[in-house]
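**Student:** Dropping in target_21.cif, which is mmCIF, C-alpha atoms:
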data_entry
loop_
_atom_site.label_atom_id
_atom_site.label_comp_id
_atom_site.auth_asym_id
_atom_site.auth_seq_id
_atom_site.Cartn_x
_atom_site.Cartn_y
_atom_site.Cartn_z
CA MET U 196 52.50 115.39 140.08
CA PRO U 197 50.98 118.54 138.60
CA THR U 198 47.21 118.83 138.73
CA THR U 199 44.96 120.61 136.30
CA THR U 200 42.26 123.03 137.31
CA PRO U 201 38.80 121.87 136.19
CA THR U 202 37.11 124.00 133.57
CA THR U 203 34.09 125.90 134.87
CA LYS U 204 30.93 125.57 132.80
CA THR U 205 28.00 127.81 133.68
CA VAL U 206 24.62 126.28 132.87
CA TYR U 207 21.63 128.62 132.69
CA ILE U 208 18.16 127.02 132.83
CA ILE U 209 15.25 128.97 131.33
CA PRO U 210 12.03 127.38 132.65
CA ARG U 211 8.82 126.32 131.00
CA TRP U 212 5.70 128.50 130.89
CA ALA U 213 4.86 129.49 134.50
CA GLY U 214 7.88 127.52 135.70
CA ALA U 215 10.27 128.66 138.41
CA ALA U 216 13.81 127.79 139.46
CA ASP U 217 12.65 125.13 141.93
CA ASN U 218 10.27 123.30 139.56
CA ASP U 219 10.52 120.04 137.62
CA TRP U 220 14.05 118.68 137.09
CA TYR U 221 15.85 122.01 137.52
CA PRO U 222 17.11 121.57 141.13
CA TRP U 223 17.81 117.89 140.49
CA LEU U 224 19.95 118.73 137.45
CA GLY U 225 22.13 121.00 139.54
CA SER U 226 22.79 118.28 142.11
CA GLN U 227 23.42 115.67 139.43
CA LEU U 228 25.96 117.82 137.61
CA ALA U 229 27.69 118.58 140.91
CA ALA U 230 27.95 114.83 141.51
CA ALA U 231 29.43 114.32 138.04
CA ALA U 232 31.95 117.17 138.33
CA GLU U 233 34.92 115.06 139.39
CA GLU U 234 34.32 112.39 136.76
CA ASP U 235 33.88 114.99 134.02
CA ASP U 236 36.72 117.19 135.31
CA ILE U 237 34.33 120.10 135.02
CA ASN U 238 33.18 122.57 137.65
CA TYR U 239 29.47 122.95 136.88
CA GLN U 240 27.81 126.18 137.98
CA VAL U 241 24.06 125.84 137.48
CA ARG U 242 21.71 128.82 137.51
CA ALA U 243 18.00 128.09 137.17
CA LEU U 244 16.36 131.42 136.44
CA ASN U 245 13.17 132.93 137.79
CA MET U 246 12.02 134.71 134.67
CA PRO U 247 9.99 137.94 135.01
CA ALA U 248 6.18 137.60 134.92
CA TRP U 249 6.56 134.04 133.67
CA ASP U 250 2.89 133.17 134.27
CA LEU U 251 2.27 135.24 131.12
CA PRO U 252 5.68 135.46 129.43
CA VAL U 253 6.40 138.41 127.17
CA ILE U 254 9.18 138.11 124.59
CA GLU U 255 10.67 141.56 125.09
CA ARG U 256 10.79 141.24 128.87
CA ALA U 257 12.37 137.80 128.57
CA VAL U 258 15.10 139.03 126.22
CA ASP U 259 15.82 142.08 128.38
CA TYR U 260 16.10 139.92 131.48
CA LEU U 261 18.44 137.43 129.80
CA ARG U 262 20.64 140.27 128.61
CA GLU U 263 20.72 141.54 132.19
CA VAL U 264 21.55 138.16 133.72
CA LEU U 265 23.92 137.18 130.93
CA PRO U 266 25.32 140.29 129.21
CA PRO U 267 26.67 139.68 125.71
CA SER U 268 30.17 140.50 126.95
CA GLN U 269 30.02 137.40 129.19
CA LEU U 270 29.14 134.97 126.42
CA ASN U 271 31.85 132.41 125.71
CA GLU U 272 32.44 128.70 125.10
CA ASN U 273 31.91 127.93 128.79
CA VAL U 274 28.28 129.09 128.80
CA ILE U 275 25.54 126.51 128.18
CA LEU U 276 21.88 127.46 127.83
CA VAL U 277 19.15 124.96 128.68
CA GLY U 278 15.59 125.85 127.72
CA HIS U 279 12.40 124.04 128.68
CA SER U 280 9.32 124.53 126.51
CA VAL U 281 8.83 128.30 125.97
CA GLY U 282 12.28 128.77 127.49
CA CYS U 283 13.70 127.42 124.23
CA LEU U 284 12.10 130.23 122.23
CA ALA U 285 13.29 132.76 124.80
CA ILE U 286 16.84 131.55 124.19
CA LEU U 287 16.49 131.87 120.41
CA HIS U 288 15.10 135.41 120.66
CA TYR U 289 17.90 136.36 123.05
CA LEU U 290 20.69 134.92 120.89
CA ALA U 291 19.23 136.48 117.74
CA SER U 292 19.14 139.90 119.41
CA VAL U 293 22.73 139.56 120.58
CA ALA U 294 23.93 138.41 117.16
CA LYS U 295 22.26 141.34 115.40
CA GLU U 296 23.09 144.09 117.89
CA GLU U 297 26.63 143.26 119.00
CA GLU U 298 29.58 143.95 116.70
CA LYS U 299 31.56 140.80 117.46
CA PRO U 300 29.52 138.44 119.62
CA ARG U 301 31.22 135.26 120.80
CA LYS U 302 29.89 131.76 120.40
CA ILE U 303 28.59 129.98 123.48
CA GLY U 304 29.30 126.40 124.51
CA GLY U 305 25.97 124.97 123.45
CA VAL U 306 22.19 124.95 123.73
CA LEU U 307 19.85 122.21 124.91
CA CYS U 308 16.16 122.62 124.11
CA VAL U 309 13.85 120.33 126.09
CA ALA U 310 10.26 119.96 124.83
CA GLY U 311 10.87 122.91 122.55
CA TRP U 312 7.99 123.84 120.24
CA PHE U 313 7.14 126.18 117.40
CA SER U 314 3.38 125.65 117.73
CA VAL U 315 1.01 124.02 120.20
CA ASP U 316 -2.23 122.13 119.63
CA SER U 317 -4.65 124.43 121.48
CA PRO U 318 -3.02 127.86 121.67
CA TRP U 319 -4.34 130.78 123.69
CA GLN U 320 -3.66 134.44 122.95
CA ASP U 321 -0.52 134.85 125.04
CA ILE U 322 1.09 131.79 123.52
CA LEU U 323 0.04 132.90 120.02
CA ASN U 324 2.24 135.95 120.57
CA TRP U 325 5.22 133.59 120.86
CA MET U 326 4.13 131.37 117.99
CA HIS U 327 3.70 134.26 115.56
CA ALA U 328 6.67 136.40 116.57
CA PRO U 329 9.42 136.18 113.94
CA VAL U 330 12.78 134.80 115.01
CA ASP U 331 15.97 135.33 113.05
CA TYR U 332 17.03 131.69 113.26
CA GLU U 333 20.10 132.26 111.12
CA ALA U 334 21.34 135.00 113.43
CA ALA U 335 20.69 132.92 116.55
CA ARG U 336 22.47 129.94 115.01
CA THR U 337 25.67 131.91 114.43
CA LEU U 338 26.31 131.96 118.19
CA ILE U 339 25.99 128.18 118.59
CA PRO U 340 28.74 125.80 117.45
CA GLU U 341 27.71 123.52 114.61
CA ASP U 342 27.21 120.35 116.66
CA LYS U 343 26.11 122.00 119.90
CA LEU U 344 22.37 122.52 119.47
CA MET U 345 20.52 119.54 120.91
CA VAL U 346 16.75 119.08 121.14
CA LEU U 347 14.82 116.52 123.20
CA LEU U 348 11.20 115.86 122.19
CA SER U 349 8.64 113.32 123.35
CA ASP U 350 6.32 111.22 121.22
CA ASP U 351 3.40 111.90 123.57
CA ASP U 352 3.75 115.56 124.47
CA PRO U 353 0.19 116.66 125.40
CA TYR U 354 0.78 120.16 124.04
CA THR U 355 2.44 119.34 120.72
CA SER U 356 1.10 116.14 119.19
CA GLY U 357 2.82 116.82 115.85
CA TYR U 358 6.25 115.92 117.13
CA LYS U 359 7.46 114.76 113.70
CA GLU U 360 6.68 118.14 112.16
CA ASN U 361 8.28 119.82 115.16
CA GLU U 362 11.40 117.73 114.70
CA GLN U 363 11.56 118.69 111.02
CA LEU U 364 11.34 122.40 111.86
CA TRP U 365 14.16 122.15 114.40
CA VAL U 366 16.33 120.54 111.76
CA GLU U 367 15.36 122.83 108.86
CA ARG U 368 15.48 126.10 110.76
CA LEU U 369 18.45 125.50 113.04
CA GLN U 370 20.25 122.33 111.90
CA SER U 371 19.58 120.84 115.33
CA GLN U 372 20.40 117.37 116.60
CA VAL U 373 16.97 116.08 117.61
CA SER U 374 16.18 113.04 119.73
CA ILE U 375 12.61 111.73 120.02
CA LEU U 376 12.08 109.97 123.34
CA SER U 377 9.15 107.72 124.18
CA GLY U 378 6.55 108.51 126.83
CA ARG U 379 8.13 111.62 128.30
CA GLN U 380 5.14 113.92 127.84
CA HIS U 381 6.34 117.50 128.46
CA PHE U 382 9.52 116.54 130.36
CA SER U 383 8.09 117.85 133.64
CA ALA U 384 9.26 115.05 135.93
CA GLU U 385 11.48 115.83 138.89
CA LEU U 386 14.42 113.97 137.34
CA ASP U 387 15.50 113.22 133.81
CA LEU U 388 18.69 111.36 133.03
CA ASP U 389 18.57 112.26 129.34
CA VAL U 390 18.57 115.96 130.17
CA ARG U 391 21.51 115.47 132.52
CA ASP U 392 23.52 113.49 130.00
CA ALA U 393 22.77 115.94 127.19
CA VAL U 394 24.17 118.79 129.29
CA ARG U 395 27.24 116.73 130.15
CA ASP U 396 27.69 115.96 126.47
CA LEU U 397 27.51 119.66 125.50
CA ALA U 398 29.99 120.48 128.24
CA GLY U 399 32.44 117.84 127.04
CA GLY U 400 32.00 115.69 130.11
CA LEU U 401 30.67 112.69 128.19
CA LYS U 402 32.77 111.36 125.33
CA LEU U 403 29.74 109.80 123.67
CA HIS U 404 26.14 110.65 124.45
CA PRO U 405 24.05 107.49 125.05
CA MET U 406 21.41 108.65 122.54
CA MET U 407 24.08 109.00 119.85
CA ALA U 408 25.63 105.58 120.46
#
Can you turn what I pasted into structure tokens?
**Tutor:**
Amino acid sequence: MPTTTPTTKTVYIIPRWAGAADNDWYPWLGSQLAAAAEEDDINYQVRALNMPAWDLPVIERAVDYLREVLPPSQLNENVILVGHSVGCLAILHYLASVAKEEEKPRKIGGVLCVAGWFSVDSPWQDILNWMHAPVDYEAARTLIPEDKLMVLLSDDDPYTSGYKENEQLWVERLQSQVSILSGRQHFSAELDLDVRDAVRDLAGGLKLHPMMA
């Protein structure tokens, strides 16, 4: 009988503030998606990025690096971006720049924002630069399919206690699908099944995400 070749989905992980490719759930996610590949009929290629000078992230350097790692010409429906904390804002700045500077940019497969924030409770100067920098949300949103922007927030995040307001901003600014999870703090554990399943959902590996059931 004829066999089909699995679709390859490339998942890029943009870490939290001061995070690296081998931190938190990033390596675990790669192994979990590899284990789910046969069931999902998807060849997952996971790239957790070591962002430049990520102890004190700078927006321009982050965008330049993402354009280097993932040139606009390589964007397509098989690319999924996963941001953690400040990594979510880095993704939005990157997509907005691509949308505004490229003549005919292509949509990507989806975006997952984990513990994404627009403000934090006790900001310091370097994080204020991210909070106050304007983002063209409309431009960024044009590169993401309508139902493919998912956000996971916790009801006890130590950095962003106003999770309800944060949820509202994700919906108003980007028409995101937001899920509030209990007791997850800043999603910095070494494993997280909800993150895994959200990526599988964006990739088309899960027919129905458990949080949407």
**Student:** For Asn271 (chain U), which residue among U:Arg395, U:Arg256, U:Lys204, U:Lys295 is the nearest when counting only C-alpha atoms?
**Tutor:**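 Of U:Arg395, U:Arg256, U:Lys204, U:Lys295, the one nearest Asn271 (chain U), counting only C-alpha atoms, is U:Lys204.
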**Student:** With all atoms listed in the file counted, which protein, DNA or RNA residues have an atom no more than 10 Å from (32.3, 131.6, 121.2) in the file frame? Please answer as a PDB file with C-alpha atoms, keeping the file's coordinate frame.
**Tutor:**
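Output contents, as saved in point-v2.pdb:
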ATOM      1  CA  LEU U 270      29.140 134.970 126.420  1.00  0.00           C
ATOM      2  CA  ASN U 271      31.850 132.410 125.710  1.00  0.00           C
ATOM      3  CA  GLU U 272      32.440 128.700 125.100  1.00  0.00           C
ATOM      4  CA  ASN U 273      31.910 127.930 128.790  1.00  0.00           C
ATOM      5  CA  VAL U 274      28.280 129.090 128.800  1.00  0.00           C
ATOM      6  CA  LYS U 299      31.560 140.800 117.460  1.00  0.00           C
ATOM      7  CA  PRO U 300      29.520 138.440 119.620  1.00  0.00           C
ATOM      8  CA  ARG U 301      31.220 135.260 120.800  1.00  0.00           C
ATOM      9  CA  LYS U 302      29.890 131.760 120.400  1.00  0.00           C
ATOM     10  CA  ILE U 303      28.590 129.980 123.480  1.00  0.00           C
ATOM     11  CA  GLY U 304      29.300 126.400 124.510  1.00  0.00           C
ATOM     12  CA  GLY U 305      25.970 124.970 123.450  1.00  0.00           C
ATOM     13  CA  THR U 337      25.670 131.910 114.430  1.00  0.00           C
ATOM     14  CA  LEU U 338      26.310 131.960 118.190  1.00  0.00           C
ATOM     15  CA  ILE U 339      25.990 128.180 118.590  1.00  0.00           C
ATOM     16  CA  PRO U 340      28.740 125.800 117.450  1.00  0.00           C
TER      17      PRO U 340
END
**Student:** Quick one: residues within 8 Å of Met326 (chain U), all atoms listed in the file counted, chain neighbours fewer than 2 positions away excluded, as a compact mmCIF listing (two decimals) with C-alpha atoms, in the frame of the given file?
**Tutor:**
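As a result, result.txt now contains:
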# COMPACT_ATOMS: atom_id res chain seq x y z
CA PHE U 313 7.14 126.18 117.40
CA SER U 314 3.38 125.65 117.73
CA ILE U 322 1.09 131.79 123.52
CA LEU U 323 0.04 132.90 120.02
CA ASN U 324 2.24 135.95 120.57
CA ALA U 328 6.67 136.40 116.57
**Student:** Please compute the CA of Ala232 (chain U)-CA of Tyr260 (chain U) distance, one decimal, in Å.
**Tutor:** 28.6 Å
**Student:** Could you work out how far CA of Tyr221 (chain U) lies from CA of Gln370 (chain U), giving the answer in Å with one decimal?
**Tutor:**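 Taking CA of Gln370 (chain U) and CA of Tyr221 (chain U), their separation equals 26.0 Å.
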**Student:** Using only C-alpha atoms for the distances, tell me which of U:Ile275, U:Val281, U:Val315, U:Ala334 is nearest to Glu297 (chain U).
**Tutor:**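 For Glu297 (chain U), the nearest of the given residues is U:Ala334.
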**Student:** Taking only C-alpha atoms into account, which of U:Ser371, U:Gln240, U:Ala213, U:Asp396 comes nearest Ser226 (chain U)?
**Tutor:**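 Among the listed residues, the smallest separation from Ser226 (chain U) belongs to U:Gln240.
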**Student:** Expanded to explicit residues, what is the PyMOL selection byres ((chain U and resi 361) around 10) for this file, as a PyMOL selection string?
**Tutor:** chain U and resi 310-315+348+355-360+362-367+373
**Student:** So which residues touch Tyr239 (chain U) within 8 Å, counting all atoms listed in the file, skipping near sequence neighbours fewer than 5 positions away, as a count of residues only?
**Tutor:** 7
**Student:** Given the file shown, enumerate the residues that the PyMOL selection byres ((chain U and resi 286) around 12) captures and present them as a ChimeraX atom specification.
**Tutor:** /U:207-211,246,254-255,257-262,265,275-285,287-293,303,305-309,311,330-332,335-336,338-339,344
**Student:** Which residue is closest to Ser317 (chain U)? Choose from U:Glu234, U:Pro353, U:Gln227, U:Leu376 and count all atoms listed in the file.
**Tutor:** U:Pro353
**Student:** Add whatever atoms are absent from region 338-350 of chain U to reach N, CA, C and O atoms, and provide the output as a PDB file, in the frame of the given file.
**Tutor:**
ATOM      1  N   LEU U 338      25.669 131.950 116.876  1.00  0.00           N
ATOM      2  CA  LEU U 338      26.310 131.960 118.190  1.00  0.00           C
ATOM      3  C   LEU U 338      26.420 130.567 118.802  1.00  0.00           C
ATOM      4  O   LEU U 338      26.916 130.426 119.923  1.00  0.00           O
ATOM      5  N   ILE U 339      25.962 129.552 118.075  1.00  0.00           N
ATOM      6  CA  ILE U 339      25.990 128.180 118.590  1.00  0.00           C
ATOM      7  C   ILE U 339      26.895 127.347 117.709  1.00  0.00           C
ATOM      8  O   ILE U 339      26.705 127.306 116.488  1.00  0.00           O
ATOM      9  N   PRO U 340      27.890 126.664 118.269  1.00  0.00           N
ATOM     10  CA  PRO U 340      28.740 125.800 117.450  1.00  0.00           C
ATOM     11  C   PRO U 340      27.913 124.781 116.672  1.00  0.00           C
ATOM     12  O   PRO U 340      26.813 124.392 117.100  1.00  0.00           O
ATOM     13  N   GLU U 341      28.457 124.340 115.566  1.00  0.00           N
ATOM     14  CA  GLU U 341      27.710 123.520 114.610  1.00  0.00           C
ATOM     15  C   GLU U 341      27.036 122.307 115.240  1.00  0.00           C
ATOM     16  O   GLU U 341      25.885 121.997 114.948  1.00  0.00           O
ATOM     17  N   ASP U 342      27.746 121.593 116.099  1.00  0.00           N
ATOM     18  CA  ASP U 342      27.210 120.350 116.660  1.00  0.00           C
ATOM     19  C   ASP U 342      26.747 120.518 118.098  1.00  0.00           C
ATOM     20  O   ASP U 342      26.667 119.544 118.846  1.00  0.00           O
ATOM     21  N   LYS U 343      26.425 121.737 118.499  1.00  0.00           N
ATOM     22  CA  LYS U 343      26.110 122.000 119.900  1.00  0.00           C
ATOM     23  C   LYS U 343      24.705 122.547 120.116  1.00  0.00           C
ATOM     24  O   LYS U 343      24.455 123.267 121.085  1.00  0.00           O
ATOM     25  N   LEU U 344      23.775 122.190 119.242  1.00  0.00           N
ATOM     26  CA  LEU U 344      22.370 122.520 119.470  1.00  0.00           C
ATOM     27  C   LEU U 344      21.589 121.221 119.506  1.00  0.00           C
ATOM     28  O   LEU U 344      21.360 120.574 118.479  1.00  0.00           O
ATOM     29  N   MET U 345      21.205 120.810 120.702  1.00  0.00           N
ATOM     30  CA  MET U 345      20.520 119.540 120.910  1.00  0.00           C
ATOM     31  C   MET U 345      19.081 119.797 121.337  1.00  0.00           C
ATOM     32  O   MET U 345      18.802 120.728 122.099  1.00  0.00           O
ATOM     33  N   VAL U 346      18.164 118.953 120.839  1.00  0.00           N
ATOM     34  CA  VAL U 346      16.750 119.080 121.140  1.00  0.00           C
ATOM     35  C   VAL U 346      16.208 117.731 121.589  1.00  0.00           C
ATOM     36  O   VAL U 346      16.452 116.712 120.934  1.00  0.00           O
ATOM     37  N   LEU U 347      15.483 117.720 122.703  1.00  0.00           N
ATOM     38  CA  LEU U 347      14.820 116.520 123.200  1.00  0.00           C
ATOM     39  C   LEU U 347      13.316 116.711 123.084  1.00  0.00           C
ATOM     40  O   LEU U 347      12.760 117.664 123.639  1.00  0.00           O
ATOM     41  N   LEU U 348      12.655 115.826 122.354  1.00  0.00           N
ATOM     42  CA  LEU U 348      11.200 115.860 122.190  1.00  0.00           C
ATOM     43  C   LEU U 348      10.612 114.528 122.622  1.00  0.00           C
ATOM     44  O   LEU U 348      11.304 113.505 122.634  1.00  0.00           O
ATOM     45  N   SER U 349       9.327 114.550 122.967  1.00  0.00           N
ATOM     46  CA  SER U 349       8.640 113.320 123.350  1.00  0.00           C
ATOM     47  C   SER U 349       7.583 112.964 122.315  1.00  0.00           C
ATOM     48  O   SER U 349       6.997 113.853 121.679  1.00  0.00           O
ATOM     49  N   ASP U 350       7.326 111.663 122.178  1.00  0.00           N
ATOM     50  CA  ASP U 350       6.320 111.220 121.220  1.00  0.00           C
ATOM     51  C   ASP U 350       4.901 111.294 121.769  1.00  0.00           C
ATOM     52  O   ASP U 350       3.952 110.935 121.067  1.00  0.00           O
TER      53      ASP U 350
END
